[in-house]
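K.L.:
So I've got this file, final_29.pdb, and it contains PDB, C-alpha atoms:
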MODEL        1
ATOM      1  CA  ILE A   1     -42.892  -7.080  -6.191
ATOM      2  CA  ILE A   2     -43.581  -7.714  -9.882
ATOM      3  CA  ALA A   3     -41.994 -11.124 -10.403
ATOM      4  CA  GLU A   4     -39.780 -13.818  -8.898
ATOM      5  CA  ILE A   5     -37.010 -15.466 -10.908
ATOM      6  CA  ASP A   6     -36.497 -19.180 -10.230
ATOM      7  CA  ARG A   7     -34.128 -19.145  -7.236
ATOM      8  CA  GLU A   8     -32.868 -22.738  -7.345
ATOM      9  CA  THR A   9     -29.693 -22.058  -9.352
ATOM     10  CA  TYR A  10     -28.870 -18.944  -7.333
ATOM     11  CA  GLU A  11     -29.445 -20.712  -4.018
ATOM     12  CA  ARG A  12     -27.123 -23.529  -5.138
ATOM     13  CA  ASP A  13     -24.487 -20.979  -6.203
ATOM     14  CA  LEU A  14     -24.724 -19.281  -2.817
ATOM     15  CA  GLU A  15     -24.380 -22.602  -1.006
ATOM     16  CA  MET A  16     -21.273 -23.480  -3.024
ATOM     17  CA  ALA A  17     -19.778 -20.007  -2.508
ATOM     18  CA  SER A  18     -20.450 -20.301   1.227
ATOM     19  CA  GLU A  19     -18.634 -23.657   1.375
ATOM     20  CA  GLU A  20     -15.661 -22.267  -0.584
ATOM     21  CA  LEU A  21     -15.459 -19.273   1.758
ATOM     22  CA  LYS A  22     -15.601 -21.564   4.776
ATOM     23  CA  ARG A  23     -12.722 -23.688   3.407
ATOM     24  CA  SER A  24     -10.669 -20.582   2.629
ATOM     25  CA  LYS A  25     -11.153 -19.290   6.179
ATOM     26  CA  GLN A  26     -10.127 -22.658   7.605
ATOM     27  CA  ALA A  27      -6.976 -22.668   5.436
ATOM     28  CA  TRP A  28      -6.174 -19.122   6.576
ATOM     29  CA  ASP A  29      -6.684 -20.018  10.254
ATOM     30  CA  ALA A  30      -4.481 -23.092   9.856
ATOM     31  CA  LEU A  31      -1.618 -20.863   8.668
ATOM     32  CA  LEU A  32      -2.183 -18.100  11.225
ATOM     33  CA  PRO A  33      -3.436 -19.905  14.352
ATOM     34  CA  PHE A  34      -2.914 -16.767  16.469
ATOM     35  CA  GLY A  35      -4.323 -14.371  13.892
ATOM     36  CA  GLU A  36      -0.957 -13.090  12.684
ATOM     37  CA  ILE A  37       2.134 -14.215  10.765
ATOM     38  CA  VAL A  38       4.095 -16.793  12.776
ATOM     39  CA  PHE A  39       7.766 -15.986  13.372
ATOM     40  CA  GLU A  40       8.409 -18.541  16.100
ATOM     41  CA  PRO A  41       6.893 -21.726  14.656
ATOM     42  CA  GLU A  42       9.037 -23.872  16.941
ATOM     43  CA  LYS A  43       6.875 -22.772  19.881
ATOM     44  CA  ILE A  44       3.674 -24.139  18.342
ATOM     45  CA  ASN A  45       2.426 -27.446  19.713
ATOM     46  CA  PRO A  46      -0.314 -28.583  17.290
ATOM     47  CA  ARG A  47      -1.738 -30.981  19.876
ATOM     48  CA  GLU A  48      -2.450 -28.096  22.261
ATOM     49  CA  ILE A  49      -4.157 -25.782  19.736
ATOM     50  CA  GLU A  50      -7.807 -26.188  18.825
ATOM     51  CA  THR A  51      -7.217 -24.927  15.266
ATOM     52  CA  LEU A  52      -5.897 -27.443  12.762
ATOM     53  CA  ILE A  53      -2.306 -26.427  11.905
ATOM     54  CA  ASP A  54      -1.186 -26.427   8.262
ATOM     55  CA  GLY A  55       1.595 -28.868   7.394
ATOM     56  CA  VAL A  56       3.692 -26.065   5.860
ATOM     57  CA  LEU A  57       3.762 -24.340   9.257
ATOM     58  CA  ILE A  58       4.786 -27.582  10.994
ATOM     59  CA  GLU A  59       7.625 -28.091   8.499
ATOM     60  CA  TYR A  60       8.678 -24.478   8.990
ATOM     61  CA  GLY A  61       8.905 -25.037  12.757
ATOM     62  CA  ALA A  62      10.737 -28.343  12.387
ATOM     63  CA  ALA A  63      13.260 -26.805   9.979
ATOM     64  CA  LYS A  64      13.935 -23.941  12.387
ATOM     65  CA  VAL A  65      14.411 -26.276  15.357
ATOM     66  CA  ASN A  66      16.747 -28.441  13.294
ATOM     67  CA  TYR A  67      18.760 -25.394  12.204
ATOM     68  CA  LEU A  68      19.081 -24.099  15.779
ATOM     69  CA  ASN A  69      20.206 -27.558  16.939
ATOM     70  CA  MET A  70      22.756 -27.800  14.133
ATOM     71  CA  LYS A  71      24.026 -24.333  14.933
ATOM     72  CA  GLU A  72      24.608 -25.363  18.543
ATOM     73  CA  MET A  73      26.274 -28.604  17.454
ATOM     74  CA  TYR A  74      28.531 -26.706  15.055
ATOM     75  CA  THR A  75      29.763 -24.440  17.868
ATOM     76  CA  ARG A  76      30.797 -27.637  19.694
ATOM     77  CA  ASP A  77      32.558 -28.984  16.575
ATOM     78  CA  LEU A  78      30.141 -31.932  16.416
ATOM     79  CA  ILE A  79      29.086 -31.389  12.765
ATOM     80  CA  SER A  80      30.651 -30.021   9.615
ATOM     81  CA  LEU A  81      30.014 -26.584   8.106
ATOM     82  CA  LYS A  82      28.303 -28.316   5.151
ATOM     83  CA  THR A  83      25.776 -29.968   7.481
ATOM     84  CA  LEU A  84      25.077 -26.605   9.112
ATOM     85  CA  ASP A  85      24.670 -24.958   5.689
ATOM     86  CA  ASP A  86      22.240 -27.674   4.607
ATOM     87  CA  ALA A  87      20.156 -27.154   7.753
ATOM     88  CA  GLU A  88      20.156 -23.393   7.224
ATOM     89  CA  GLN A  89      19.097 -23.794   3.592
ATOM     90  CA  ALA A  90      16.273 -26.140   4.611
ATOM     91  CA  TYR A  91      15.162 -23.579   7.198
ATOM     92  CA  ASP A  92      15.217 -20.746   4.639
ATOM     93  CA  THR A  93      13.253 -22.878   2.163
ATOM     94  CA  ALA A  94      10.621 -23.697   4.801
ATOM     95  CA  TYR A  95      10.419 -20.011   5.782
ATOM     96  CA  VAL A  96       9.821 -18.949   2.172
ATOM     97  CA  ALA A  97       7.323 -21.769   1.601
ATOM     98  CA  TYR A  98       5.321 -20.729   4.649
ATOM     99  CA  HIS A  99       5.145 -17.061   3.647
ATOM    100  CA  HIS A 100       4.320 -17.984   0.043
ATOM    101  CA  THR A 101       1.467 -20.210   1.239
ATOM    102  CA  VAL A 102       0.176 -17.383   3.456
ATOM    103  CA  ARG A 103       0.082 -15.035   0.439
ATOM    104  CA  GLU A 104      -1.782 -17.635  -1.638
ATOM    105  CA  ALA A 105      -4.272 -18.224   1.187
ATOM    106  CA  SER A 106      -4.819 -14.473   1.524
ATOM    107  CA  THR A 107      -5.563 -14.167  -2.198
ATOM    108  CA  MET A 108      -7.899 -17.176  -2.114
ATOM    109  CA  LEU A 109      -9.745 -15.813   0.922
ATOM    110  CA  ALA A 110     -10.287 -12.464  -0.820
ATOM    111  CA  GLN A 111     -11.504 -14.172  -4.012
ATOM    112  CA  THR A 112     -13.935 -16.477  -2.228
ATOM    113  CA  GLN A 113     -15.279 -13.531  -0.202
ATOM    114  CA  VAL A 114     -15.982 -11.643  -3.448
ATOM    115  CA  GLN A 115     -17.667 -14.727  -4.944
ATOM    116  CA  PHE A 116     -19.790 -15.151  -1.809
ATOM    117  CA  ASP A 117     -20.841 -11.478  -1.809
ATOM    118  CA  GLN A 118     -21.728 -11.738  -5.510
ATOM    119  CA  ALA A 119     -23.792 -14.888  -4.897
ATOM    120  CA  VAL A 120     -25.698 -13.109  -2.101
ATOM    121  CA  GLU A 121     -26.375 -10.154  -4.401
ATOM    122  CA  ASN A 122     -27.447 -12.408  -7.282
ATOM    123  CA  LEU A 123     -29.918 -14.239  -5.052
ATOM    124  CA  SER A 124     -31.368 -10.965  -3.763
ATOM    125  CA  GLU A 125     -31.934  -9.846  -7.350
ATOM    126  CA  THR A 126     -34.228 -12.785  -8.110
ATOM    127  CA  THR A 127     -37.047 -10.658  -6.706
ATOM    128  CA  ILE A 128     -38.042  -8.084  -9.338
ATOM    129  CA  ARG A 129     -39.473  -4.925  -7.819
ATOM    130  CA  ALA A 130     -41.111  -1.981  -9.541
ATOM    131  CA  PRO A 131     -38.758   1.015  -9.645
ATOM    132  CA  VAL A 132     -41.706   3.356  -8.992
ATOM    133  CA  GLY A 133     -44.958   3.222  -7.057
ATOM    134  CA  GLY A 134     -48.134   2.758  -9.018
ATOM    135  CA  VAL A 135     -50.439   0.215 -10.605
ATOM    136  CA  LEU A 136     -49.392  -2.734 -12.743
ATOM    137  CA  THR A 137     -51.062  -1.779 -16.026
ATOM    138  CA  GLN A 138     -49.692  -4.451 -18.321
ATOM    139  CA  VAL A 139     -47.973  -7.840 -17.919
ATOM    140  CA  LEU A 140     -45.809  -8.564 -20.950
ATOM    141  CA  VAL A 141     -44.577 -12.093 -20.122
ATOM    142  CA  GLU A 142     -46.152 -15.261 -18.778
ATOM    143  CA  GLU A 143     -44.875 -17.505 -16.000
ATOM    144  CA  GLY A 144     -42.230 -19.895 -17.347
ATOM    145  CA  GLU A 145     -41.111 -17.659 -20.219
ATOM    146  CA  LEU A 146     -37.409 -16.975 -20.634
ATOM    147  CA  VAL A 147     -36.382 -13.336 -20.161
ATOM    148  CA  GLN A 148     -33.100 -11.601 -20.788
ATOM    149  CA  GLY A 149     -31.391  -9.233 -18.343
ATOM    150  CA  THR A 150     -29.701  -6.013 -19.302
ATOM    151  CA  GLY A 151     -26.057  -6.081 -20.363
ATOM    152  CA  ASN A 152     -23.881  -6.808 -23.396
ATOM    153  CA  MET A 153     -25.562  -3.981 -25.322
ATOM    154  CA  SER A 154     -28.974  -5.564 -24.666
ATOM    155  CA  PRO A 155     -31.773  -3.500 -23.096
ATOM    156  CA  GLY A 156     -33.239  -6.675 -21.592
ATOM    157  CA  THR A 157     -36.801  -7.966 -21.698
ATOM    158  CA  ASN A 158     -39.686  -5.750 -20.615
ATOM    159  CA  ILE A 159     -41.809  -7.858 -18.295
ATOM    160  CA  ALA A 160     -44.431  -5.346 -17.150
ATOM    161  CA  GLU A 161     -45.609  -1.771 -17.236
ATOM    162  CA  VAL A 162     -46.344   0.219 -14.103
ATOM    163  CA  ALA A 163     -48.137   3.564 -14.081
ATOM    164  CA  ASP A 164     -49.097   6.190 -11.545
ATOM    165  CA  LEU A 165     -52.872   6.357 -11.999
ATOM    166  CA  SER A 166     -53.450   9.172  -9.513
ATOM    167  CA  GLU A 167     -53.152  11.602 -12.424
ATOM    168  CA  MET A 168     -53.648  10.423 -15.973
ATOM    169  CA  LEU A 169     -53.688  11.867 -19.433
ATOM    170  CA  ALA A 170     -55.625   9.726 -21.892
ATOM    171  CA  VAL A 171     -55.159  10.196 -25.612
ATOM    172  CA  VAL A 172     -58.275   8.817 -27.371
ATOM    173  CA  LYS A 173     -59.570   8.720 -30.894
ATOM    174  CA  LEU A 174     -63.177   9.723 -31.373
ATOM    175  CA  ASN A 175     -65.395   9.664 -34.387
ATOM    176  CA  GLU A 176     -65.978  13.226 -35.580
ATOM    177  CA  VAL A 177     -69.714  12.701 -35.026
ATOM    178  CA  ASP A 178     -69.073  11.876 -31.331
ATOM    179  CA  VAL A 179     -66.707  14.807 -30.717
ATOM    180  CA  SER A 180     -69.582  17.271 -30.607
ATOM    181  CA  LYS A 181     -71.323  15.216 -27.883
ATOM    182  CA  GLY A 182     -68.535  15.671 -25.321
ATOM    183  CA  LYS A 183     -67.482  18.750 -23.366
ATOM    184  CA  VAL A 184     -64.908  19.692 -20.701
ATOM    185  CA  GLY A 185     -65.826  18.198 -17.339
ATOM    186  CA  ASP A 186     -67.692  15.157 -18.676
ATOM    187  CA  PRO A 187     -67.005  11.904 -16.741
ATOM    188  CA  VAL A 188     -64.787   9.310 -18.446
ATOM    189  CA  THR A 189     -64.405   5.598 -17.638
ATOM    190  CA  LEU A 190     -61.104   3.817 -18.381
ATOM    191  CA  THR A 191     -60.003   0.191 -18.101
ATOM    192  CA  VAL A 192     -56.481  -1.318 -18.197
ATOM    193  CA  SER A 193     -55.530  -4.643 -19.725
ATOM    194  CA  SER A 194     -54.068  -6.102 -16.521
ATOM    195  CA  GLU A 195     -57.316  -5.503 -14.596
ATOM    196  CA  SER A 196     -60.064  -5.526 -17.204
ATOM    197  CA  ASP A 197     -62.809  -5.774 -14.564
ATOM    198  CA  LYS A 198     -61.572  -2.654 -12.799
ATOM    199  CA  LYS A 199     -63.068   0.601 -14.047
ATOM    200  CA  ILE A 200     -61.364   3.930 -13.419
TER     201      ILE A 200
ENDMDL
END
Here is the file; what I need is its structure written in the form of C-alpha cells.

P.N.:
Amino acid sequence: IIAEIDRETYERDLEMASEELKRSKQAWDALLPFGEIVFEPEKINPREIETLIDGVLIEYGAAKVNYLNMKEMYTRDLISLKTLDDAEQAYDTAYVAYHHTVREASTMLAQTQVQFDQAVENLSETTIRAPVGGVLTQVLVEEGELVQGTGNMSPGTNIAEVADLSEMLAVVKLNEVDVSKGKVGDPVTLTVSSESDKKI
C-alpha cells in the first residue's frame, strides 16, 4: 500500500447508493410479491401478504374484479353495454399501467445496481497499491496534496516511485581523476531519497 485517498466522500456515496438500491428492490417486490408478473391480481389480499403491495397492483386487481362483475351483470341484462365497455376499458388501462410500472421498476433496479457496484469499486480504489513489488524509492507528494487520476487525456499525478533493488544498475558521474581509482568488483554504497539513513 502506497497511499490512502480520503474515503469520506466515497463512503457517503456508497451509503446513498445502498439506500437507493434498497428502495428499488422494495419497489420491485411490491409489484411482484410472488417473484413474477401477476396475472391474477384479484386473488391478492394485501392484508395477508408480508410484502407491501404497490397501489398500481391493487388498482389492477380492483379493475379486473369490477370488469368480471360487470360482465356477469351484463349477461343478466342488469347493465348496459356502455357500462360494460367502460369497465373493460378501465381494466385494460389498469393492466397496461401495471405492466408499464413493472418495466420502469426493472429499469430503476438495474440502474441502482450499477450505481451501487460502481460505488463499491470506487471505495475499493481509495487504497493505492504498488503495481510491482519492490522498495519505495521516492515519494513525490505530501499528505493533503491534491492529485489527479488518469483519464480525459491526462496521465494523472505521479505520487511515488517503486524500484526492485535486488538488482540495480547505477549510472554515476565521476571526476576523471577518480575514475582511475576504481576497478571492477569494488564495493559501492548507495542511498535513496525516501530512506536516506538506509545504505545499500

K.L.:
So which residues get picked by the PyMOL selection byres ((chain A and resi 157) around 6) here, written as a PyMOL selection string?

P.N.:
chain A and resi 147-148+156+158

K.L.:
Write out as AutoDock Vina command-line options an axis-aligned box for range 137-142 of chain A: all of its atoms listed in the file, 8 Å added on each side, centre and edge lengths in Å with one decimal.

P.N.:
--center_x -47.8 --center_y -8.5 --center_z -18.5 --size_x 22.5 --size_y 29.5 --size_z 20.9

K.L.:
Expanded to explicit residues, what is the PyMOL selection byres ((chain A and resi 35-43) around 7) for this file, as a list in words?

P.N.:
Leu32, Pro33, Phe34, Ile44, Asn45, Leu57, Tyr60, Gly61, Ala62, Lys64 and Val65 of chain A

K.L.:
Give me the result of the PyMOL selection byres ((chain A and resi 104-106) around 12) on this file, residue by residue, as an mmCIF file with C-alpha atoms, in the frame of the given file.

P.N.:
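Produced file out22.cif, reproduced below:
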data_model
loop_
_atom_site.group_PDB
_atom_site.id
_atom_site.type_symbol
_atom_site.label_atom_id
_atom_site.label_comp_id
_atom_site.auth_asym_id
_atom_site.auth_seq_id
_atom_site.Cartn_x
_atom_site.Cartn_y
_atom_site.Cartn_z
ATOM 1 C CA LEU A 21 -15.459 -19.273 1.758
ATOM 2 C CA ARG A 23 -12.722 -23.688 3.407
ATOM 3 C CA SER A 24 -10.669 -20.582 2.629
ATOM 4 C CA LYS A 25 -11.153 -19.290 6.179
ATOM 5 C CA GLN A 26 -10.127 -22.658 7.605
ATOM 6 C CA ALA A 27 -6.976 -22.668 5.436
ATOM 7 C CA TRP A 28 -6.174 -19.122 6.576
ATOM 8 C CA ASP A 29 -6.684 -20.018 10.254
ATOM 9 C CA ALA A 30 -4.481 -23.092 9.856
ATOM 10 C CA LEU A 31 -1.618 -20.863 8.668
ATOM 11 C CA LEU A 32 -2.183 -18.100 11.225
ATOM 12 C CA GLU A 36 -0.957 -13.090 12.684
ATOM 13 C CA ILE A 37 2.134 -14.215 10.765
ATOM 14 C CA ASP A 54 -1.186 -26.427 8.262
ATOM 15 C CA ALA A 97 7.323 -21.769 1.601
ATOM 16 C CA TYR A 98 5.321 -20.729 4.649
ATOM 17 C CA HIS A 99 5.145 -17.061 3.647
ATOM 18 C CA HIS A 100 4.320 -17.984 0.043
ATOM 19 C CA THR A 101 1.467 -20.210 1.239
ATOM 20 C CA VAL A 102 0.176 -17.383 3.456
ATOM 21 C CA ARG A 103 0.082 -15.035 0.439
ATOM 22 C CA THR A 107 -5.563 -14.167 -2.198
ATOM 23 C CA MET A 108 -7.899 -17.176 -2.114
ATOM 24 C CA LEU A 109 -9.745 -15.813 0.922
ATOM 25 C CA ALA A 110 -10.287 -12.464 -0.820
ATOM 26 C CA GLN A 111 -11.504 -14.172 -4.012
ATOM 27 C CA THR A 112 -13.935 -16.477 -2.228
ATOM 28 C CA GLN A 113 -15.279 -13.531 -0.202
#

K.L.:
Using all atoms listed in the file, can you tell me which of A:Thr93, A:Leu68, A:Thr83, A:Val120 comes closest to Glu11 in chain A?

P.N.:
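Among the listed residues, A:Val120 lies closest to Glu11 in chain A.
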
K.L.:
Which is closest to Val139 in chain A among A:Gly182, A:Ser194, A:Val96, A:Lys82, if we use only C-alpha atoms?

P.N.:
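Among A:Gly182, A:Ser194, A:Val96, A:Lys82, it is A:Ser194 that comes nearest to Val139 in chain A.
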
K.L.:
Which value, in Å to one decimal, gives the distance between CA of Val172 in chain A and CA of Gln138 in chain A?

P.N.:
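Going from CA of Val172 in chain A over to CA of Gln138 in chain A, I get 18.2 Å.
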
K.L.:
Nearest residue to Val192 in chain A out of A:Asp13, A:Glu161, A:Glu72, A:Glu48, using only C-alpha atoms?

P.N.:
A:Glu161

K.L.:
When you draw a straight line from CA of Thr127 in chain A to CA of Lys22 in chain A, how long is it in Å?

P.N.:
26.7 Å

K.L.:
Considering only C-alpha atoms, state which residue in the set A:Glu50, A:Asp117, A:Asp85, A:Asp77 is at the smallest distance from Glu15 in chain A.

P.N.:
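Checking each candidate against Glu15 in chain A, we get A:Asp117 as the closest.
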
K.L.:
How would range 172-193 of chain A read, as an mmCIF file, in the coordinates of the input, once N, CA and C atoms are built in?

P.N.:
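Saved result, rebuild15.cif, follows:
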data_model
loop_
_atom_site.group_PDB
_atom_site.id
_atom_site.type_symbol
_atom_site.label_atom_id
_atom_site.label_comp_id
_atom_site.auth_asym_id
_atom_site.auth_seq_id
_atom_site.Cartn_x
_atom_site.Cartn_y
_atom_site.Cartn_z
ATOM 1 N N VAL A 172 -57.268 9.706 -26.780
ATOM 2 C CA VAL A 172 -58.275 8.817 -27.371
ATOM 3 C C VAL A 172 -58.640 9.307 -28.769
ATOM 4 N N LYS A 173 -59.100 8.374 -29.552
ATOM 5 C CA LYS A 173 -59.570 8.720 -30.894
ATOM 6 C C LYS A 173 -61.089 8.633 -30.901
ATOM 7 N N LEU A 174 -61.707 9.694 -31.321
ATOM 8 C CA LEU A 174 -63.177 9.723 -31.373
ATOM 9 C C LEU A 174 -63.640 9.979 -32.804
ATOM 10 N N ASN A 175 -64.760 9.390 -33.104
ATOM 11 C CA ASN A 175 -65.395 9.664 -34.387
ATOM 12 C C ASN A 175 -65.814 11.132 -34.389
ATOM 13 N N GLU A 176 -65.660 11.792 -35.515
ATOM 14 C CA GLU A 176 -65.978 13.226 -35.580
ATOM 15 C C GLU A 176 -67.437 13.516 -35.219
ATOM 16 N N VAL A 177 -68.303 12.517 -35.399
ATOM 17 C CA VAL A 177 -69.714 12.701 -35.026
ATOM 18 C C VAL A 177 -69.827 12.769 -33.505
ATOM 19 N N ASP A 178 -68.995 11.943 -32.790
ATOM 20 C CA ASP A 178 -69.073 11.876 -31.331
ATOM 21 C C ASP A 178 -68.374 13.044 -30.641
ATOM 22 N N VAL A 179 -67.459 13.716 -31.344
ATOM 23 C CA VAL A 179 -66.707 14.807 -30.717
ATOM 24 C C VAL A 179 -67.653 15.889 -30.217
ATOM 25 N N SER A 180 -68.654 16.190 -30.966
ATOM 26 C CA SER A 180 -69.582 17.271 -30.607
ATOM 27 C C SER A 180 -70.433 16.930 -29.381
ATOM 28 N N LYS A 181 -70.501 15.633 -29.018
ATOM 29 C CA LYS A 181 -71.323 15.216 -27.883
ATOM 30 C C LYS A 181 -70.618 15.418 -26.538
ATOM 31 N N GLY A 182 -69.278 15.545 -26.575
ATOM 32 C CA GLY A 182 -68.535 15.671 -25.321
ATOM 33 C C GLY A 182 -68.137 17.101 -25.048
ATOM 34 N N LYS A 183 -67.949 17.412 -23.724
ATOM 35 C CA LYS A 183 -67.482 18.750 -23.366
ATOM 36 C C LYS A 183 -66.580 18.626 -22.139
ATOM 37 N N VAL A 184 -65.827 19.679 -21.850
ATOM 38 C CA VAL A 184 -64.908 19.692 -20.701
ATOM 39 C C VAL A 184 -65.690 19.439 -19.424
ATOM 40 N N GLY A 185 -65.178 18.499 -18.616
ATOM 41 C CA GLY A 185 -65.826 18.198 -17.339
ATOM 42 C C GLY A 185 -66.692 16.956 -17.383
ATOM 43 N N ASP A 186 -66.904 16.384 -18.584
ATOM 44 C CA ASP A 186 -67.692 15.157 -18.676
ATOM 45 C C ASP A 186 -66.950 13.995 -18.020
ATOM 46 N N PRO A 187 -67.663 13.083 -17.334
ATOM 47 C CA PRO A 187 -67.005 11.904 -16.741
ATOM 48 C C PRO A 187 -66.506 10.942 -17.823
ATOM 49 N N VAL A 188 -65.377 10.270 -17.518
ATOM 50 C CA VAL A 188 -64.787 9.310 -18.446
ATOM 51 C C VAL A 188 -64.477 8.032 -17.675
ATOM 52 N N THR A 189 -64.724 6.889 -18.263
ATOM 53 C CA THR A 189 -64.405 5.598 -17.638
ATOM 54 C C THR A 189 -63.305 4.921 -18.444
ATOM 55 N N LEU A 190 -62.232 4.497 -17.736
ATOM 56 C CA LEU A 190 -61.104 3.817 -18.381
ATOM 57 C C LEU A 190 -60.939 2.430 -17.789
ATOM 58 N N THR A 191 -60.401 1.510 -18.600
ATOM 59 C CA THR A 191 -60.003 0.191 -18.101
ATOM 60 C C THR A 191 -58.578 -0.070 -18.567
ATOM 61 N N VAL A 192 -57.855 -0.938 -17.811
ATOM 62 C CA VAL A 192 -56.481 -1.318 -18.197
ATOM 63 C C VAL A 192 -56.451 -2.816 -18.433
ATOM 64 N N SER A 193 -55.532 -3.237 -19.307
ATOM 65 C CA SER A 193 -55.530 -4.643 -19.725
ATOM 66 C C SER A 193 -55.237 -5.606 -18.589
#
